[in-house]
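Q: So that we are looking at the same thing, I have put the structure below in structure tokens.
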Amino acid sequence: MKKYWHVINIGIQNTLVYRINFLFRASFALIPLIATIYLWRAVFASKKGDPSIVGYSLAGMISYYLLVTIVDAFTAVNEDDWQIAADIKDGNINQFLLKPIDYLWYRLCLFFAGRAIYVVAAAVPVGLFVFFHREYFVLPADLPTLAIFVLSITMTALLQFFMSYTMAMLAFWVLEVSTFIFILFAFEYIAGGHLFPLDILPPLVAKLLNFTPFPYQMFFPVGIYLGRITGAELWQGMFIQASWLLIFYGLARTIWNRGIRRYTAVGG
Amino acid sequence: MFKKFCRYLEIYAALWRNSVIREMGFKSNFVLWIFVEMLWFVLQISFIAVIYQHTDRIASWSKWEVVLLVGVSHLVQQLFSAFVFTNVIQLSELVRTGKLDFMLLLPINTRFLVSFRQVDLGGFVNSASALVVIIYSAVQLHAVPTFLQCLIFPVFVLAAMITHYSLMLILASSSFITVRAQGIVWGYYNLFNISRLPDAVFRGFFKAFFTFGIPMLLVANVPAKLILQRLSSPGQALLLMLMAFICFSVSELVWRASLRRYTSASS
């Protein structure tokens with residue numbers, strides 16, 4: 001286990017180089033967020049009679065986006081998928097085939113290291129932003145909710161990572177994986193709940209989406225935090241999230257093993 | 001002057017030819033990128049559709065008016081990426097690796113070469129899909145632009161493209177100072193998100209900043225309002241023209257100042 005601590009350590013030192021980059025990225029990402037909040041303000045302002053949308057008040061809607069920003073900082077895959085694909089394409093994984101270190105765990109350690117630095121770098125702009133909107137920032141209802149949220153957000157981070165890792169494995173077969181990564185990202189963006197809370201969709205669509213992995217990449221933990229997902233729905237969701245996590249872990253392993261078989265170690 | 005113009009036109013034709021040859025080398029990739037852009041376009045429109053399930057007006061804009069605006073924003077963005085985006089994105093890499101040296105040595109305006117080296121053909125296909133959406137929503141709204149408006153529309157779109165291009169070049173020029181500016185340049189992508197929303201949604205400092213500072217609320221709103229007959233006075237249209245001119249002038253100054261700082265790398 002000790003060697004993986006070294007990997008995390010190295011990962012932290014490597015990503016520290018990008019701290020300013022992260023700061024810029026986190027700050028820039030706030031601009032569309034502000035725009036979305038303005039948009040919802042206008043939507044709520046034009047609904048004179050009924051001041052809520054499927055149970056969301058304006059304040060509830062804004063808290064939703066604040067939480068999306070926070071969960072995103074903790075769980076989003078940054079450039080890991082590109083790097084993994086590049087490692088495969090350029091033959092950098094050769095050394096991992098020889099060393100007693102597992103590439104998947106190695107990348108996972110780097111992912112955690114990257115997230116840790118990102119959270120620290122983003123803390124300033126995101127913290128200021130949340131502070132500015134503090135009237136909309138709510139705490140979870142009780143301690144068990146918080147505990148389940150933490151568990152769920154951990155699974156979200158792992159799910160994000162394993163999905164991206166699986167996607168990057170395509171680099172064994174195709175030269176350019178960026179289009180596939182963008183396609184996956186588009187689905188994650190809309191069906192995951194980045195753009196709007198999924199429960200404002202028609203109920204049937206929302207229900208069907210719950211069986212896909214996407215809501216568990218964002219909407220599900222946020223919904224738990226805000227107390228919109230409770231009771232049987234909560235446990236069912238946790239079960240589906242855990243299942244998708246296992247499925248993508250299995251896929252990541254299987255596809256890696258298949259890919260290695262046809263890998264020709266270019267460059268070397 | 002005219003001779004010089006013809007020479008640049010000839011060079012540009014050669015660059016086009018190269019781009020076509022390069023793209024055709026990766027046909028499946030070319031098609032996939034078009035698919036990715038379409039997917040994101042559909043995604044933006046679905047967002048609008050979802051919101052309008054719960055309301056029928058956003059700051060006095062109806063559903064099809066906003067869809068038309070999203071279409072115009074996409075049209076500007078895609079034409080912009082067809083002509084310049086890929087090139088400006090690469091500037092930081094040219095500076096980092098010192099490849100800019102070769103371009104400085106060529107007997108041609110460096111800014112021209114850096115900005116127009118490659119053409120992204122997929123951008124034209126995506127612009128066409130944006131046009132389809134614009135026309136379809138105009139039909140839904142029974143908005144029939146006059147002949148004059150049809151002539152002015154491309155002028156507005158061009159002004160919007162010049163604005164995007166100038167702002168992007170200013171951002172990319174920061175790579176002369178920080179070398180690794182790619183992150184900053186990608187950050188510009190976030191700004192496109194603002195341009196597809198009706199300007200009436202915004203208030204206060206945010207609105208002022210994105211109108212008079214970084215004119216994101218003009219680039220798509222003004223051409224869209226022209227078709228929607230929402231331009232009551234020529235004020236906003238003139239402002240778009242003025243901002244395009246100012247952005248372009250500033251970008252030229254920044255570009256020259258940055259080139260003076262260029263120290264080349266390696267070699």
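Ligands are numbered from 1 in the order shown, residues from 1 within each chain, and chains are lettered A, B, ... in the order they appear in the structure tokens.
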For range 216-226 of chain B, find every residue with an atom within 6 Å (counting only C-alpha atoms), except residues of its own chain fewer than 5 positions away, and show them as number ranges by chain.
A: B: 69, 72-73, 153, 156, 160, 195, 199, 210-211, 231, 240
Q: May I have the residues from that selection written out with C-alpha atoms, as a PDB file, in the first residue's frame?
A:
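Below is the file that was written, result-v9.pdb:
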```pdb
ATOM      1  CA  LEU B  69     -31.433  33.200 -30.280  1.00  0.00           C
ATOM      2  CA  VAL B  72     -27.963  32.640 -33.909  1.00  0.00           C
ATOM      3  CA  SER B  73     -25.462  32.186 -31.099  1.00  0.00           C
ATOM      4  CA  PHE B 153     -27.989  40.170 -40.755  1.00  0.00           C
ATOM      5  CA  PHE B 156     -24.071  41.761 -37.731  1.00  0.00           C
ATOM      6  CA  ALA B 160     -19.965  39.359 -33.854  1.00  0.00           C
ATOM      7  CA  SER B 195     -24.365  34.858 -25.463  1.00  0.00           C
ATOM      8  CA  ASP B 199     -30.122  40.117 -22.618  1.00  0.00           C
ATOM      9  CA  PHE B 210     -21.057  41.835 -20.659  1.00  0.00           C
ATOM     10  CA  THR B 211     -22.393  44.636 -22.854  1.00  0.00           C
ATOM     11  CA  LEU B 231     -34.591  46.261 -32.417  1.00  0.00           C
ATOM     12  CA  LEU B 240     -22.257  46.061 -31.621  1.00  0.00           C
TER      13      LEU B 240
END
```
Q: I want to know what sits within 9 Å of Phe83 in chain B, based on only C-alpha atoms, with residues of the same chain fewer than 4 positions away left out; could you give that as a PyMOL selection string?
A: chain B and resi 78-79+87+115-121+123
Q: With only C-alpha atoms as the atoms that count, which of B:Tyr8, B:Phe80, B:Tyr52, B:Phe41 lies nearest to Ala159 in chain B?
A: B:Phe80
Q: Could you list, as an mmCIF file with N, CA and C atoms, in the first residue's frame, the residues of chain B having an atom within 7 Å of chain A when counting only C-alpha atoms?
A:
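File result.cif, as written:
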```
data_model
loop_
_atom_site.group_PDB
_atom_site.id
_atom_site.type_symbol
_atom_site.label_atom_id
_atom_site.label_comp_id
_atom_site.auth_asym_id
_atom_site.auth_seq_id
_atom_site.Cartn_x
_atom_site.Cartn_y
_atom_site.Cartn_z
ATOM 1 N N LEU B 32 -17.306 12.536 -36.775
ATOM 2 C CA LEU B 32 -17.570 12.441 -35.342
ATOM 3 C C LEU B 32 -17.601 13.811 -34.679
ATOM 4 N N TRP B 33 -16.695 14.703 -35.101
ATOM 5 C CA TRP B 33 -16.686 16.039 -34.511
ATOM 6 C C TRP B 33 -17.972 16.793 -34.825
ATOM 7 N N VAL B 36 -20.499 15.552 -32.483
ATOM 8 C CA VAL B 36 -20.325 16.108 -31.127
ATOM 9 C C VAL B 36 -20.935 17.500 -31.044
ATOM 10 N N TRP B 40 -24.221 18.865 -28.750
ATOM 11 C CA TRP B 40 -24.218 19.982 -27.800
ATOM 12 C C TRP B 40 -25.272 21.014 -28.165
ATOM 13 N N LEU B 43 -28.531 19.702 -27.132
ATOM 14 C CA LEU B 43 -28.560 19.793 -25.673
ATOM 15 C C LEU B 43 -28.978 21.194 -25.216
ATOM 16 N N VAL B 50 -37.005 22.338 -21.834
ATOM 17 C CA VAL B 50 -37.348 21.923 -20.462
ATOM 18 C C VAL B 50 -37.831 23.121 -19.655
ATOM 19 N N HIS B 54 -42.275 24.794 -17.976
ATOM 20 C CA HIS B 54 -42.739 25.320 -16.697
ATOM 21 C C HIS B 54 -43.114 26.801 -16.741
ATOM 22 N N THR B 55 -42.923 27.419 -17.882
ATOM 23 C CA THR B 55 -43.285 28.827 -18.008
ATOM 24 C C THR B 55 -43.536 29.096 -19.485
ATOM 25 N N ARG B 57 -43.047 32.462 -20.714
ATOM 26 C CA ARG B 57 -42.289 33.673 -21.039
ATOM 27 C C ARG B 57 -41.067 33.743 -20.133
ATOM 28 N N ILE B 58 -39.921 34.094 -20.698
ATOM 29 C CA ILE B 58 -38.769 34.441 -19.868
ATOM 30 C C ILE B 58 -38.430 35.873 -20.226
ATOM 31 N N ALA B 59 -38.607 36.770 -19.275
ATOM 32 C CA ALA B 59 -38.350 38.193 -19.506
ATOM 33 C C ALA B 59 -38.929 38.627 -20.854
ATOM 34 N N GLY B 183 -5.304 26.855 -20.744
ATOM 35 C CA GLY B 183 -6.437 26.826 -19.818
ATOM 36 C C GLY B 183 -7.247 28.106 -19.882
ATOM 37 N N ILE B 184 -6.541 29.227 -19.973
ATOM 38 C CA ILE B 184 -7.212 30.523 -20.028
ATOM 39 C C ILE B 184 -8.025 30.630 -21.309
ATOM 40 N N GLY B 187 -11.108 28.728 -21.204
ATOM 41 C CA GLY B 187 -12.064 29.400 -20.337
ATOM 42 C C GLY B 187 -13.005 30.291 -21.128
ATOM 43 N N ASN B 190 -16.560 29.245 -21.878
ATOM 44 C CA ASN B 190 -17.636 29.482 -20.916
ATOM 45 C C ASN B 190 -18.475 30.697 -21.288
ATOM 46 N N LEU B 191 -17.828 31.669 -21.946
ATOM 47 C CA LEU B 191 -18.532 32.913 -22.257
ATOM 48 C C LEU B 191 -19.623 32.708 -23.300
ATOM 49 N N ASN B 193 -21.726 30.573 -23.302
ATOM 50 C CA ASN B 193 -22.966 30.242 -22.584
ATOM 51 C C ASN B 193 -23.817 31.468 -22.312
ATOM 52 N N ILE B 194 -23.164 32.616 -22.152
ATOM 53 C CA ILE B 194 -23.924 33.828 -21.858
ATOM 54 C C ILE B 194 -24.598 34.340 -23.114
ATOM 55 N N VAL B 201 -32.701 39.145 -19.509
ATOM 56 C CA VAL B 201 -32.623 38.335 -18.295
ATOM 57 C C VAL B 201 -31.678 38.975 -17.281
ATOM 58 N N PHE B 202 -30.660 39.680 -17.772
ATOM 59 C CA PHE B 202 -29.590 40.146 -16.893
ATOM 60 C C PHE B 202 -29.837 41.549 -16.373
#
```
Q: With a distance cut-off of 12 Å and only C-alpha atoms, select the neighbouring residues of Ser81 in chain B, excluding the residue or stretch itself and same-chain residues fewer than 4 positions from it, and output the selection as a list in words.
A: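 These residues fall inside the cut-off: Glu37, His74, Leu75, Val76, Gln77, Phe85, Thr86, Asn87, Val88, Ile89, Ser115, Phe116, Gln118, Val119, Asp120, Leu121, Gly122, Gly123, Phe124, Val125, Asn126, Ser127, Met161, Ile162, His164, Tyr165, Met168, Tyr189 and Phe192 of chain B.
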Q: If I take CA of Val95 in chain B and CA of Leu15 in chain B, how far is one from the other in Å, to one decimal?
A: 20.8 Å
Q: Between CA of Met61 in chain A and CA of Ala49 in chain B, what distance in Å does the model show, to one decimal?
A: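 Here the two named atoms are 17.5 Å from each other.
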Q: So, counting only C-alpha atoms, which residue among B:Gly71, B:Ile108, B:Leu238, B:Ala130 is closest to Ile152 in chain B?
A: B:Leu238
Q: Just the residues within 12 Å of range 236-245 of chain A, please, counting only C-alpha atoms, with nothing from its chain fewer than 6 positions along; format it as an MDAnalysis selection string.
A: chainID A and resid 148:164 166 207 209:221 223:224 229:230 251:252
Q: Since we have the selection now, will you write its residues out, keeping N, CA and C atoms, as a compact mmCIF listing (two decimals), in the first residue's frame?
A:
```txt
# COMPACT_ATOMS: atom_id res chain seq x y z
N ILE A 148 -24.95 10.01 4.54
CA ILE A 148 -25.30 9.33 3.29
C ILE A 148 -24.82 10.15 2.10
N PHE A 149 -24.91 11.48 2.24
CA PHE A 149 -24.40 12.36 1.17
C PHE A 149 -22.92 12.12 0.94
N VAL A 150 -22.16 12.04 2.03
CA VAL A 150 -20.71 11.83 1.90
C VAL A 150 -20.43 10.49 1.23
N LEU A 151 -21.18 9.46 1.64
CA LEU A 151 -21.01 8.14 1.03
C LEU A 151 -21.32 8.21 -0.46
N SER A 152 -22.42 8.89 -0.79
CA SER A 152 -22.87 8.96 -2.17
C SER A 152 -21.89 9.77 -3.04
N ILE A 153 -21.37 10.86 -2.48
CA ILE A 153 -20.47 11.70 -3.26
C ILE A 153 -19.15 10.95 -3.49
N THR A 154 -18.75 10.11 -2.55
CA THR A 154 -17.55 9.29 -2.75
C THR A 154 -17.78 8.33 -3.91
N MET A 155 -18.96 7.71 -3.92
CA MET A 155 -19.27 6.79 -5.02
C MET A 155 -19.36 7.56 -6.33
N THR A 156 -19.87 8.80 -6.27
CA THR A 156 -19.94 9.63 -7.48
C THR A 156 -18.55 9.85 -8.05
N ALA A 157 -17.61 10.21 -7.17
CA ALA A 157 -16.24 10.46 -7.63
C ALA A 157 -15.67 9.20 -8.27
N LEU A 158 -15.87 8.04 -7.61
CA LEU A 158 -15.33 6.79 -8.15
C LEU A 158 -16.01 6.44 -9.47
N LEU A 159 -17.32 6.65 -9.53
CA LEU A 159 -18.06 6.35 -10.76
C LEU A 159 -17.56 7.23 -11.91
N GLN A 160 -17.40 8.52 -11.62
CA GLN A 160 -16.87 9.44 -12.63
C GLN A 160 -15.53 8.92 -13.14
N PHE A 161 -14.68 8.54 -12.18
CA PHE A 161 -13.34 8.09 -12.57
C PHE A 161 -13.40 6.82 -13.40
N PHE A 162 -14.16 5.82 -12.95
CA PHE A 162 -14.18 4.55 -13.68
C PHE A 162 -14.82 4.70 -15.06
N MET A 163 -15.82 5.57 -15.18
CA MET A 163 -16.42 5.79 -16.50
C MET A 163 -15.41 6.44 -17.44
N SER A 164 -14.70 7.43 -16.93
CA SER A 164 -13.71 8.10 -17.78
C SER A 164 -12.57 7.15 -18.13
N THR A 166 -12.74 3.89 -18.37
CA THR A 166 -13.23 2.95 -19.38
C THR A 166 -13.23 3.60 -20.76
N LYS A 207 -37.81 9.12 -14.33
CA LYS A 207 -37.78 7.76 -13.79
C LYS A 207 -36.87 6.87 -14.62
N LEU A 209 -34.43 7.84 -16.55
CA LEU A 209 -33.05 8.28 -16.39
C LEU A 209 -32.39 7.64 -15.16
N ASN A 210 -33.21 7.40 -14.13
CA ASN A 210 -32.67 6.85 -12.89
C ASN A 210 -32.01 5.49 -13.07
N PHE A 211 -32.31 4.83 -14.18
CA PHE A 211 -31.69 3.53 -14.41
C PHE A 211 -30.38 3.65 -15.19
N THR A 212 -30.10 4.86 -15.72
CA THR A 212 -28.83 5.08 -16.42
C THR A 212 -27.80 5.53 -15.38
N PRO A 213 -26.52 5.46 -15.72
CA PRO A 213 -25.51 5.86 -14.73
C PRO A 213 -25.43 7.38 -14.53
N PHE A 214 -25.99 8.16 -15.44
CA PHE A 214 -25.72 9.60 -15.44
C PHE A 214 -26.19 10.36 -14.19
N PRO A 215 -27.44 10.13 -13.70
CA PRO A 215 -27.85 10.90 -12.52
C PRO A 215 -26.92 10.69 -11.33
N TYR A 216 -26.27 9.52 -11.28
CA TYR A 216 -25.41 9.22 -10.13
C TYR A 216 -24.07 9.93 -10.23
N GLN A 217 -23.87 10.65 -11.34
CA GLN A 217 -22.65 11.41 -11.49
C GLN A 217 -22.79 12.81 -10.92
N MET A 218 -24.00 13.20 -10.56
CA MET A 218 -24.20 14.55 -10.03
C MET A 218 -25.53 14.71 -9.29
N PHE A 219 -26.64 14.47 -9.98
CA PHE A 219 -27.95 14.80 -9.43
C PHE A 219 -28.24 14.05 -8.13
N PHE A 220 -27.90 12.77 -8.08
CA PHE A 220 -28.28 11.94 -6.94
C PHE A 220 -27.71 12.46 -5.60
N PRO A 221 -26.38 12.65 -5.48
CA PRO A 221 -25.90 13.18 -4.20
C PRO A 221 -26.47 14.55 -3.86
N GLY A 223 -29.39 15.70 -4.73
CA GLY A 223 -30.77 15.46 -4.31
C GLY A 223 -30.83 14.96 -2.87
N ILE A 224 -29.88 14.11 -2.49
CA ILE A 224 -29.84 13.61 -1.11
C ILE A 224 -29.59 14.78 -0.16
N ILE A 229 -34.45 13.49 -2.12
CA ILE A 229 -34.48 12.04 -2.32
C ILE A 229 -34.43 11.40 -0.94
N THR A 230 -35.52 10.72 -0.56
CA THR A 230 -35.59 10.15 0.79
C THR A 230 -36.25 8.78 0.73
N LEU A 251 -15.92 -3.21 -16.12
CA LEU A 251 -15.67 -2.85 -17.52
C LEU A 251 -14.25 -2.33 -17.70
N ALA A 252 -13.84 -1.46 -16.76
CA ALA A 252 -12.51 -0.86 -16.85
C ALA A 252 -11.46 -1.97 -16.86
```
